[in-house]
Structure formats: structure tokens, C-alpha cells
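Here the structure is laid out as C-alpha cells; the discussion comes afterwards.
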Amino acid sequence: MKKPSELEEEYFARIEFEKKKKIEEEKHKQLAEQEKKRLQELHYMRCPKCGMELIEIDYKHIKVDKCSECDGIWLDPGELETVSKLEKSGMDKLFGVFKK
Ligand SMILES: [Zn+2]
């Protein structure tokens with residue numbers, strides 16, 4: 001059997017540990033958020049393939065991002081579906097914007 005004072009010490013040590021653990025977990029969460037924000041800022045309007053700037057054009061409310069370096073073309077969510085519903089001539093016009 002442990003003495004009551006020992007039990008009390010154990011109890012407070014555990015409370016202290018839980019408290020410190022929570023603070024650390026909160027720090028980790030904030031770090032993850034900061035890292036996410038940093039990456040978003042770093043990659044915003046950059047080509048996912050080569051990292052160079054994207055040039056955005058707006059054609060019939062479809063925003064198409066074209067890479068200034070590798071000529072890759074990137075679409076926002078739902079835009080591939082919209083493009084696929086264009087008539088062939090509409091699609092030719094859209095991609096004609098980028099013709100050199
Ligand atoms: Zn690129």
C-alpha cells in the first residue's frame with residue numbers, strides 16, 4: 001500500500017504531464033497549419049510539374065492556367081467536365097488562344 005501523500009504526488013505529476021502534453025500537441029497543430037500556409041503561398045499559381053508561373057486566361061467562364069515554361073495546361077475543379085461539354089469548335093477556340 002502506498003501512502004496517501006505518494007498517491008497525491010503521482011496524481012499531480014500525471015496532471016502536469018497531461019497539461020504539458022496538450023500544450024505540445026497544440027504547438028504541433030499550429031506548426032502543421034503554418035507549414036500548410038507556407039506551401040500554399042509557395043505554390044500558388046505555380047506549375048505543379050516544373051514550378052514556373054502559370055498564366056491564367058478566362059474563356060467563357062472557364063479559367064485555364066497554362067504554364068509559362070513547359071506549356072502544361074491546368075484546370076480548376078469541375079472545369080474538365082465543362083471543357084468536355086464544349087462543342088469541338090469551342091474547344092478549338094479555347095486551345096487556339098494558346099497557339100503560337
Ligand atoms: Zn510547367
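We name chains A, B, ... following the order of the C-alpha cells; residues begin at 1 in each chain, and ligands are numbered from 1 as shown.
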Using only C-alpha atoms and all ligand atoms, which residues of chain A come within 10 Å of ligand 1, and what is the closest atom pair for each, with the distance in Å to one decimal? Give it as CSV, sorted by chain and residue number.
```
residue,atom,partner,partner_atom_place_in_ligand_line,distance
A:Arg46,CA,ligand 1,1 (Zn),7.7
A:Cys47,CA,ligand 1,1 (Zn),4.6
A:Pro48,CA,ligand 1,1 (Zn),6.7
A:Lys49,CA,ligand 1,1 (Zn),5.1
A:Cys50,CA,ligand 1,1 (Zn),4.1
A:Gly51,CA,ligand 1,1 (Zn),5.9
A:Met52,CA,ligand 1,1 (Zn),5.6
A:Glu53,CA,ligand 1,1 (Zn),7.6
A:Leu54,CA,ligand 1,1 (Zn),7.6
A:Lys66,CA,ligand 1,1 (Zn),7.9
A:Cys67,CA,ligand 1,1 (Zn),4.6
A:Ser68,CA,ligand 1,1 (Zn),6.6
A:Glu69,CA,ligand 1,1 (Zn),5.0
A:Cys70,CA,ligand 1,1 (Zn),4.0
A:Asp71,CA,ligand 1,1 (Zn),6.0
A:Gly72,CA,ligand 1,1 (Zn),5.5
A:Ile73,CA,ligand 1,1 (Zn),8.4
A:Trp74,CA,ligand 1,1 (Zn),9.6
```
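Summary of the local environment: counting only C-alpha atoms, residues at most 12 Å from Lys60 (chain A), other than itself and those fewer than 5 positions away along its chain, are Glu79, Thr82, Val83, Leu86, Gly90, Met91, Lys93 and Leu94 of chain A.
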Write out, as a Markdown table, each residue of region 22-61 of chain A that has an atom at most 12 Å from region 1-17 of chain A, together with the closest pair of atoms and their distance in Å to one decimal, counting only C-alpha atoms, rows going by chain and rising number.
```
| residue | atom | partner | partner_atom | distance |
| --- | --- | --- | --- | --- |
| A:Lys22 | CA | A:Phe17 | CA | 8.6 |
| A:Ile23 | CA | A:Phe17 | CA | 10.0 |
| A:Glu24 | CA | A:Phe17 | CA | 10.6 |
```
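Take CA of Ile57 (chain A) and CA of Met45 (chain A): the distance between them is 12.3 Å.
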Could you please write out, as an MDAnalysis selection string, every residue of region 4-80 of chain A that DSSP assigns to strand (DSSP E or B)? chainID A and resid 46 53:59 62:67 73:75
CA of Asp58 (chain A) and CA of Tyr44 (chain A), how far apart in Å? 17.5 Å
CA of Lys99 (chain A) and CA of His43 (chain A) are how many Å apart? 25.8 Å
Which residue, A:Lys85, A:Leu42, A:Gln34, A:Lys27, has the smallest gap to Ile62 (chain A) when you use only C-alpha atoms? A:Lys85
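The residues of region 35-70 of chain A that DSSP classifies as alpha helix (DSSP H), using the backbone of this structure, are Glu35, Lys36, Lys37, Arg38, Leu39, Gln40, Glu41, Leu42 and His43 of chain A.
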Take the residues from that selection and write them out as a short mmCIF file (atom, residue, chain, number, x, y, z; two decimals), in the first residue's frame, keeping all heavy atoms.
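Contents of the output file selection-v4.cif:
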```cif
data_model
loop_
_atom_site.label_atom_id
_atom_site.label_comp_id
_atom_site.auth_asym_id
_atom_site.auth_seq_id
_atom_site.Cartn_x
_atom_site.Cartn_y
_atom_site.Cartn_z
N GLU A 35 2.85 25.29 -41.86
CA GLU A 35 3.52 24.63 -42.97
C GLU A 35 2.59 24.58 -44.18
O GLU A 35 3.01 24.82 -45.32
CB GLU A 35 3.97 23.22 -42.56
CG GLU A 35 4.65 22.41 -43.64
CD GLU A 35 5.99 22.98 -44.11
OE1 GLU A 35 6.43 24.01 -43.58
OE2 GLU A 35 6.56 22.39 -45.04
N LYS A 36 1.34 24.29 -43.93
CA LYS A 36 0.34 24.22 -45.00
C LYS A 36 0.22 25.59 -45.68
O LYS A 36 0.19 25.69 -46.90
CB LYS A 36 -1.01 23.81 -44.39
CG LYS A 36 -1.91 23.10 -45.38
CD LYS A 36 -3.10 22.50 -44.63
CE LYS A 36 -4.35 22.64 -45.43
NZ LYS A 36 -5.54 22.29 -44.66
N LYS A 37 0.15 26.63 -44.85
CA LYS A 37 0.03 28.00 -45.36
C LYS A 37 1.26 28.38 -46.18
O LYS A 37 1.15 28.98 -47.24
CB LYS A 37 -0.12 28.97 -44.17
CG LYS A 37 -1.31 29.91 -44.31
CD LYS A 37 -1.45 30.71 -43.05
CE LYS A 37 -1.97 32.10 -43.33
NZ LYS A 37 -2.03 32.91 -42.12
N ARG A 38 2.43 28.02 -45.66
CA ARG A 38 3.69 28.32 -46.33
C ARG A 38 3.74 27.65 -47.71
O ARG A 38 4.12 28.26 -48.70
CB ARG A 38 4.86 27.85 -45.48
CG ARG A 38 6.22 28.39 -45.90
CD ARG A 38 7.33 27.74 -45.08
NE ARG A 38 7.48 26.32 -45.40
CZ ARG A 38 8.15 25.86 -46.45
NH1 ARG A 38 8.72 26.69 -47.28
NH2 ARG A 38 8.24 24.56 -46.69
N LEU A 39 3.32 26.38 -47.75
CA LEU A 39 3.34 25.65 -49.01
C LEU A 39 2.34 26.23 -50.00
O LEU A 39 2.63 26.33 -51.20
CB LEU A 39 3.04 24.16 -48.76
CG LEU A 39 4.17 23.37 -48.12
CD1 LEU A 39 3.70 21.95 -47.78
CD2 LEU A 39 5.38 23.28 -49.03
N GLN A 40 1.18 26.63 -49.47
CA GLN A 40 0.17 27.23 -50.35
C GLN A 40 0.70 28.51 -50.98
O GLN A 40 0.53 28.74 -52.17
CB GLN A 40 -1.11 27.54 -49.57
CG GLN A 40 -2.03 26.34 -49.44
CD GLN A 40 -3.17 26.58 -48.48
OE1 GLN A 40 -3.18 27.55 -47.72
NE2 GLN A 40 -4.15 25.69 -48.52
N GLU A 41 1.35 29.34 -50.16
CA GLU A 41 1.91 30.60 -50.67
C GLU A 41 3.01 30.33 -51.69
O GLU A 41 3.11 30.99 -52.71
CB GLU A 41 2.45 31.45 -49.52
CG GLU A 41 1.35 32.25 -48.85
CD GLU A 41 1.77 32.83 -47.51
OE1 GLU A 41 2.98 32.89 -47.23
OE2 GLU A 41 0.87 33.21 -46.75
N LEU A 42 3.81 29.33 -51.39
CA LEU A 42 4.94 28.99 -52.24
C LEU A 42 4.49 28.46 -53.60
O LEU A 42 5.10 28.74 -54.63
CB LEU A 42 5.79 27.93 -51.53
CG LEU A 42 7.19 27.65 -52.08
CD1 LEU A 42 8.07 28.86 -51.92
CD2 LEU A 42 7.80 26.46 -51.35
N HIS A 43 3.39 27.71 -53.62
CA HIS A 43 2.97 27.03 -54.84
C HIS A 43 1.83 27.70 -55.58
O HIS A 43 1.46 27.26 -56.66
CB HIS A 43 2.59 25.58 -54.53
CG HIS A 43 3.74 24.77 -54.03
ND1 HIS A 43 4.72 24.29 -54.86
CD2 HIS A 43 4.10 24.41 -52.78
CE1 HIS A 43 5.62 23.65 -54.14
NE2 HIS A 43 5.28 23.71 -52.88
#
```
